[in-house]
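**Student:** Right, I'll just put the structure down here and ask away after.
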Amino acid sequence: MKVILQNDFHLTTAKVEVDDEQSVLSPNQYNRAMRKLCGIKCCYCGGLRGKITDEQDNEIDYMFQFVSGRQTIELLGYVK
Ligand SMILES: [Zn+2]
C-alpha cells in the first residue's frame, strides 16, 4: 500500500510504499520523503508536519523511531 506524508507548512506531500499500516519506513525511504516534503536547509518546519494517511485519506498514527541509529517513522495503524 501507499501512505501519504503531509507537510501543512509547505503544502507538500510525499508518497511512500509500505507493506501495511503498521510498518517501519526504512531510513532511506524516510530521508527521501523528508527531502520531498521540505528540502530547504535550515528550515525549522521539521519535514513531517501534518498527517499520514492512506490513499483513501484514512489517517494513520505514527511515531518517530530509530533504525540502526538513523531516524525514521514507525506506522502504528489506523487512528480509531
Ligand atoms: Zn520546511
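Naming scheme: A, B, ... for chains in displayed order of the C-alpha cells; residues 1 onward per chain; ligands 1 onward as shown.
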Extract the full set of alpha helix (DSSP H) residues from chain A according to DSSP on the backbone, and format it as a VMD selection string.
**Tutor:** chain A and resid 27 to 37
**Student:** Would you please extract all strand (DSSP E or B) residues from region 11-57 of chain A, as assigned by DSSP on the backbone, and give them as a ChimeraX atom specification?
**Tutor:** /A:12-17,24,49,52-54
**Student:** Would you mind listing what lies within 10 Å of region 51-65 of chain A as an MDAnalysis selection string, with only C-alpha atoms counted and same-chain residues fewer than 3 positions away left out?
**Tutor:** chainID A and resid 1:8 13:16 20:25 27 48 69:80
**Student:** Go through the chains and note each residue within 9 Å of ligand 1, using only C-alpha atoms and all ligand atoms, then give the set as a VMD selection string.
**Tutor:** chain A and resid 7 9 to 10 37 to 49
